[in-house]
Amino acid sequence: MDILIIGSGGREYSIGLALKKDENVEKLYFAPGNGATDMLGENLAIGDFGELADFVAANGIELTIVGPEAPLVDGVVDVFKERGLTIFGPSAQAAQLEGSKIFMKNFLARHNVPTAKYIETDSIEDAYKFINSLTPPIVVKADGLCGGKGVIIAQSHDEAKIAAGDMLSGTSFGDAGTKIVVEEFLDGYELSVFAICDGRDYVILPAAQDHKRLLNDDQGPNTGGMGAYAPTPLVNEDIYSKLRSRVVEPTLKGMKAEGMPFTGVLFIGVMVVDGEPIVLEYNVRFGDPECEELMPLLKSPASELFYKAAIGEIATANIEFHDKYAVGVVMASKDYPYKSSAPAEIIIDDIVHDDIEANAHISFAGVSRGDDGKLYATGGRVLVCVGIGDSIKEAQQRAYMLVGQVHFAGKHCRTDIAYQALKLQS
Ligand code: AMP
Ligand code: GLY
């Protein structure tokens with residue numbers, strides 16, 4: 001079948017790579033794609049959902065997969081479904097699980113899914129009152145989509161009050177912050193858990209761990225994610241079982257009962273506190289860079305996973321994963337995450353090492369192809385070097401060997417991706 005992938009990041013590139021290996025897949029399209037996805041398929045410069053749906057119908061594309069949250073929240077799935085096209089992702093209504101933190105927190109409360117104690121409010125007085133009742137650190141979140149930046153972990157009551165005031169007045173996040181969530185700080189370790197859902201049934205993928213901070217040892221500012229690995233040994237069968245019964249199942253039942261069955265990727269940001277998984281947040285798409293590690297671990301045809309979920313038949317899919325580990329290291333541009341950087345040519349050494357050739361690869365993200373045909377780093381997170389191995393250590397070593405072969409002015413990366421897992425195993 002021919003498949004369209006909506007998005008332009010490393011996440012979409014990695015979905016493309018997985019589909020490329022699948023013999024059921026003939027041609028791939030990306031909208032808009034990036035400077036490297038043209039090596040996997042055809043990039044389409046079509047932004048309008050209606051025009052994209054017309055193209056899909058006219059070209060007999062059997063499945064569309066939506067990567068990022070913005071088109072989901074903006075209703076791309078609804079536009080495609082109205083035209084009878086098969087698309088993987090939640091409706092705009094269901095995408096509120098990510099699009100509005102207040103919707104998400106109230107939904108969790110309605111369905112008794114464990115989450116941090118919170119209030120939602122647009123009143124500064126109520127925010128102050130609740131802040132005074134908590135012990136710092138205190139978490140203040142803007143309601144709407146803020147590109148991953150709308151969460152402040154305040155170290156004092158005063159800092160929390162300033163953050164709440166700045167959000168509510170529209171100073172810090174504009175309209176996205178005119179309503180806020182204030183919640184207790186959860187102290188534990190964080191996981192990224194993904195359930196592929198078809199509205200009723202689901203498949204849980206191996207749990208991953210992201211590294212959100214810019215610098216080693218989780219120091220520096222928050223980013224979109226500087227590297228990830230999967231599966232993580234920080235999860236055991238007890239945690240998976242609690243995630244199924246206390247989180248995924250009540251969520252799917254609740255969404256269905258409320259008239260917005262959830263199809264697509266339910267990304268559960270989990271904090272494990274004293275062995276109990278607690279939901280920090282939901283996203284309605286794959287994590288980036290987590291997707292870049294999960295896709296190469298998929299043993300079953302990728303098209304089966306996405307297609308069966310999209311048509312409501314995930315229960316009939318037999319989804320298997322390789323008994324291996326993947327570690328992905330993000331290489332970022334000079335001024336990431338502070339500001340954009342000047343384009344820098346990417347030079348990749350000829351890879352002569354058979355072991356690296358066979359067990360490591362690049363997922364390209366913030367790259368553009370110049371008129372000279374060369375690849376340039378033009379985004380914040382430029383690419384992800386992914387290593388696969390029989391152990392996390394082996395996968396990590398392969399990822400970093402590949403990092404050593406990639407050059408562009410100003411490149412930087414963390415050198416400790418997967419450190420929590422390695423510490424646990426040592
Ligand atoms: P969110 O956008 O809600 O995932 O928040 C971004 C990041 O802030 C999360 O990945 C966590 O690292 C952190 N965070 C959010 N909420 C809490 C909380 N209640 N307690 C501790 N850390 C949190
Ligand atoms: N890596 C975390 C995210 O995609 O939100």
# chains A, B, ... in the order shown; residues from 1 in each chain; ligands from 1

call {"tool": "closest_atom_pairs", "arguments": {"of": "chain A", "to": "ligand 2", "cutoff": "6 Å", "atoms": "only C-alpha atoms and all ligand atoms", "output": "JSON lines"}}
result
{"residue": "A:Asp210", "atom": "CA", "partner": "ligand 2", "partner_atom_place_in_ligand_line": "1 (N)", "distance": 5.9}
{"residue": "A:Gly224", "atom": "CA", "partner": "ligand 2", "partner_atom_place_in_ligand_line": "1 (N)", "distance": 5.5}
{"residue": "A:Gly225", "atom": "CA", "partner": "ligand 2", "partner_atom_place_in_ligand_line": "1 (N)", "distance": 4.7}
{"residue": "A:Gly287", "atom": "CA", "partner": "ligand 2", "partner_atom_place_in_ligand_line": "4 (O)", "distance": 3.3}
{"residue": "A:Asp288", "atom": "CA", "partner": "ligand 2", "partner_atom_place_in_ligand_line": "4 (O)", "distance": 4.0}
{"residue": "A:Pro289", "atom": "CA", "partner": "ligand 2", "partner_atom_place_in_ligand_line": "1 (N)", "distance": 5.3}

call {"tool": "select_by_dssp", "arguments": {"residues": "region 6-86 of chain A", "states": "strand (DSSP E or B)", "output": "PyMOL selection string"}}
result
chain A and resi 6-7+28-32+42-43+63-66

call {"tool": "write_last_selection", "arguments": {"atoms": "N, CA, C and O atoms", "output": "compact mmCIF listing (two decimals), in the first residue's frame"}}
result
# COMPACT_ATOMS: atom_id res chain seq x y z
N ILE A 6 2.21 12.61 7.87
CA ILE A 6 2.14 14.07 8.07
C ILE A 6 3.13 14.45 9.16
O ILE A 6 3.13 13.87 10.25
N GLY A 7 3.99 15.45 8.89
CA GLY A 7 4.98 15.91 9.85
C GLY A 7 6.33 16.10 9.19
O GLY A 7 6.48 15.81 7.99
N LEU A 28 5.95 5.90 -0.23
CA LEU A 28 5.72 6.78 0.91
C LEU A 28 5.66 8.23 0.45
O LEU A 28 6.41 8.64 -0.44
N TYR A 29 4.77 8.98 1.10
CA TYR A 29 4.71 10.43 0.91
C TYR A 29 4.87 11.08 2.28
O TYR A 29 4.43 10.52 3.29
N PHE A 30 5.45 12.27 2.29
CA PHE A 30 5.56 13.06 3.52
C PHE A 30 4.98 14.45 3.26
O PHE A 30 5.22 15.03 2.21
N ALA A 31 4.22 14.97 4.24
CA ALA A 31 3.72 16.34 4.12
C ALA A 31 3.99 17.07 5.43
O ALA A 31 3.38 16.72 6.42
N PRO A 32 4.90 18.05 5.52
CA PRO A 32 5.75 18.44 4.40
C PRO A 32 7.05 17.63 4.30
O PRO A 32 7.74 17.73 3.30
N GLU A 42 8.29 10.76 -1.29
CA GLU A 42 8.10 12.05 -1.95
C GLU A 42 7.58 13.08 -0.96
O GLU A 42 6.61 12.81 -0.24
N ASN A 43 8.21 14.24 -0.91
CA ASN A 43 7.73 15.31 -0.04
C ASN A 43 6.63 16.10 -0.75
O ASN A 43 6.78 16.44 -1.92
N LEU A 63 -3.46 4.78 3.50
CA LEU A 63 -3.35 5.08 4.93
C LEU A 63 -2.57 6.38 5.11
O LEU A 63 -1.55 6.60 4.44
N THR A 64 -3.06 7.22 6.04
CA THR A 64 -2.33 8.42 6.43
C THR A 64 -2.01 8.31 7.91
O THR A 64 -2.87 7.93 8.71
N ILE A 65 -0.77 8.63 8.26
CA ILE A 65 -0.32 8.58 9.66
C ILE A 65 0.06 10.00 10.07
O ILE A 65 0.85 10.65 9.38
N VAL A 66 -0.51 10.47 11.18
CA VAL A 66 -0.22 11.85 11.61
C VAL A 66 0.83 11.80 12.72
O VAL A 66 0.62 11.16 13.75

call {"tool": "residues_around", "arguments": {"residues": "region 157-170 of chain A", "least_positions_apart": "4", "cutoff": "10 Å", "atoms": "only C-alpha atoms", "output": "MDAnalysis selection string"}}
result
chainID A and resid 121:125 127:129 131:143 150:153 174:182

call {"tool": "residues_near_ligand", "arguments": {"ligand": "ligand 1", "cutoff": "8 Å", "atoms": "only C-alpha atoms and all ligand atoms", "output": "ChimeraX atom specification"}}
result
/A:101,116,138-139,141,148-153,183-188,190,212,222,269,271,280-282

call {"tool": "write_last_selection", "arguments": {"atoms": "N, CA, C and O atoms", "output": "short mmCIF file (atom, residue, chain, number, x, y, z; two decimals), in the first residue's frame"}}
result
data_model
loop_
_atom_site.label_atom_id
_atom_site.label_comp_id
_atom_site.auth_asym_id
_atom_site.auth_seq_id
_atom_site.Cartn_x
_atom_site.Cartn_y
_atom_site.Cartn_z
N LYS A 101 -4.63 21.04 28.99
CA LYS A 101 -4.23 20.35 30.22
C LYS A 101 -5.40 20.29 31.20
O LYS A 101 -5.51 19.35 31.99
N ALA A 116 -1.35 13.87 39.70
CA ALA A 116 -0.98 14.77 40.80
C ALA A 116 -2.17 15.61 41.22
O ALA A 116 -2.99 16.01 40.40
N ILE A 138 6.59 23.53 43.38
CA ILE A 138 5.19 23.60 42.96
C ILE A 138 5.15 23.73 41.44
O ILE A 138 5.97 24.45 40.86
N VAL A 139 4.22 23.01 40.82
CA VAL A 139 4.20 22.96 39.36
C VAL A 139 3.06 23.84 38.84
O VAL A 139 1.92 23.72 39.29
N LYS A 141 1.21 25.12 35.23
CA LYS A 141 1.15 24.77 33.81
C LYS A 141 0.13 25.63 33.08
O LYS A 141 -0.99 25.80 33.55
N GLY A 148 5.82 22.47 24.44
CA GLY A 148 6.61 21.82 25.50
C GLY A 148 7.20 22.78 26.51
O GLY A 148 7.96 22.38 27.39
N LYS A 149 6.86 24.07 26.43
CA LYS A 149 7.51 25.04 27.33
C LYS A 149 6.57 25.58 28.41
O LYS A 149 6.99 26.39 29.23
N GLY A 150 5.33 25.14 28.42
CA GLY A 150 4.34 25.76 29.30
C GLY A 150 4.30 25.23 30.72
O GLY A 150 3.29 25.40 31.40
N VAL A 151 5.38 24.59 31.18
CA VAL A 151 5.38 24.03 32.54
C VAL A 151 6.51 24.67 33.35
O VAL A 151 7.66 24.64 32.93
N ILE A 152 6.15 25.26 34.49
CA ILE A 152 7.17 25.86 35.36
C ILE A 152 7.21 25.06 36.65
O ILE A 152 6.18 24.82 37.28
N ILE A 153 8.40 24.62 37.03
CA ILE A 153 8.58 23.94 38.32
C ILE A 153 9.18 25.00 39.26
O ILE A 153 10.36 25.31 39.16
N GLU A 183 -0.26 22.30 40.36
CA GLU A 183 -0.32 20.95 40.94
C GLU A 183 0.88 20.63 41.82
O GLU A 183 1.91 21.31 41.77
N GLU A 184 0.72 19.58 42.60
CA GLU A 184 1.80 19.16 43.49
C GLU A 184 2.93 18.57 42.65
O GLU A 184 2.72 18.02 41.58
N PHE A 185 4.13 18.68 43.17
CA PHE A 185 5.32 18.13 42.52
C PHE A 185 5.44 16.66 42.87
O PHE A 185 5.29 16.28 44.04
N LEU A 186 5.68 15.84 41.86
CA LEU A 186 5.85 14.41 42.11
C LEU A 186 7.32 14.06 42.00
O LEU A 186 7.97 14.40 41.00
N ASP A 187 7.82 13.39 43.01
CA ASP A 187 9.25 13.08 43.04
C ASP A 187 9.43 11.60 42.75
O ASP A 187 9.05 10.75 43.55
N GLY A 188 9.96 11.28 41.58
CA GLY A 188 10.15 9.87 41.22
C GLY A 188 10.95 9.79 39.95
O GLY A 188 11.72 10.71 39.65
N GLU A 190 10.81 9.26 35.67
CA GLU A 190 9.83 9.54 34.62
C GLU A 190 9.96 8.55 33.48
O GLU A 190 11.07 8.18 33.09
N LYS A 212 14.92 15.06 29.04
CA LYS A 212 14.35 16.35 28.60
C LYS A 212 15.32 17.51 28.77
O LYS A 212 15.26 18.48 28.04
N ASN A 222 14.85 22.79 30.02
CA ASN A 222 14.06 21.74 29.35
C ASN A 222 14.16 21.89 27.84
O ASN A 222 14.26 23.00 27.33
N GLY A 269 2.79 10.26 29.87
CA GLY A 269 3.95 10.73 30.63
C GLY A 269 3.74 10.27 32.06
O GLY A 269 2.81 10.70 32.73
N MET A 271 5.06 9.36 36.02
CA MET A 271 6.06 9.47 37.09
C MET A 271 5.83 8.27 37.99
O MET A 271 4.69 8.04 38.43
N LEU A 280 1.50 12.10 34.61
CA LEU A 280 1.87 13.52 34.59
C LEU A 280 1.07 14.23 33.53
O LEU A 280 0.63 15.36 33.71
N GLU A 281 0.98 13.58 32.38
CA GLU A 281 0.26 14.20 31.27
C GLU A 281 0.00 13.17 30.20
O GLU A 281 0.62 12.10 30.17
N TYR A 282 -0.94 13.50 29.32
CA TYR A 282 -1.14 12.72 28.10
C TYR A 282 -0.70 13.55 26.91
O TYR A 282 -0.88 14.77 26.88
#

call {"tool": "closest_residue", "arguments": {"among": "A:Leu19, A:Val270, A:Leu4, A:Asp372", "to": "Ser303 (chain A)", "atoms": "only C-alpha atoms"}}
result
A:Leu19

call {"tool": "closest_residue", "arguments": {"among": "A:Ile362, A:Val265, A:Met1, A:Ile348", "to": "Asp22 (chain A)", "atoms": "only C-alpha atoms"}}
result
A:Met1

call {"tool": "residues_around", "arguments": {"residues": "Thr251 (chain A)", "least_positions_apart": "6", "cutoff": "9 Å", "atoms": "only C-alpha atoms", "output": "short mmCIF file (atom, residue, chain, number, x, y, z; two decimals) with C-alpha atoms, in the first residue's frame"}}
result
data_model
loop_
_atom_site.label_atom_id
_atom_site.label_comp_id
_atom_site.auth_asym_id
_atom_site.auth_seq_id
_atom_site.Cartn_x
_atom_site.Cartn_y
_atom_site.Cartn_z
CA PHE A 107 -10.87 13.73 32.53
CA LEU A 108 -8.36 11.88 34.73
CA HIS A 111 -12.28 8.44 35.62
CA VAL A 113 -6.88 7.72 36.87
CA PHE A 262 -9.51 7.46 21.19
#

call {"tool": "residues_around", "arguments": {"residues": "Lys20 (chain A)", "least_positions_apart": "4", "cutoff": "12 Å", "atoms": "only C-alpha atoms", "output": "number ranges by chain"}}
result
A: 1-3, 13-16, 24-29, 37, 39-41, 295-296, 301-303

call {"tool": "write_last_selection", "arguments": {"atoms": "C-alpha atoms", "output": "tab-separated table (two decimals), in the first residue's frame"}}
result
chain	number	residue	atom	x	y	z
A	1	MET	CA	0.00	0.00	0.00
A	2	ASP	CA	0.98	3.65	-0.38
A	3	ILE	CA	1.15	5.68	2.84
A	13	TYR	CA	11.51	10.04	9.49
A	14	SER	CA	11.73	7.01	11.81
A	15	ILE	CA	8.16	5.95	11.01
A	16	GLY	CA	9.14	6.25	7.36
A	24	ASN	CA	3.50	-4.42	2.22
A	25	VAL	CA	4.47	-0.81	1.59
A	26	GLU	CA	5.07	0.51	-1.89
A	27	LYS	CA	5.33	4.27	-1.92
A	28	LEU	CA	5.72	6.78	0.91
A	29	TYR	CA	4.71	10.43	0.91
A	37	THR	CA	12.67	12.33	3.94
A	39	MET	CA	15.41	9.75	0.44
A	40	LEU	CA	12.49	7.62	1.68
A	41	GLY	CA	9.62	8.98	-0.38
A	295	MET	CA	10.34	2.01	15.48
A	296	PRO	CA	13.55	0.01	14.88
A	301	PRO	CA	5.30	-4.97	9.81
A	302	ALA	CA	4.84	-1.32	10.80
A	303	SER	CA	1.96	-0.94	8.33
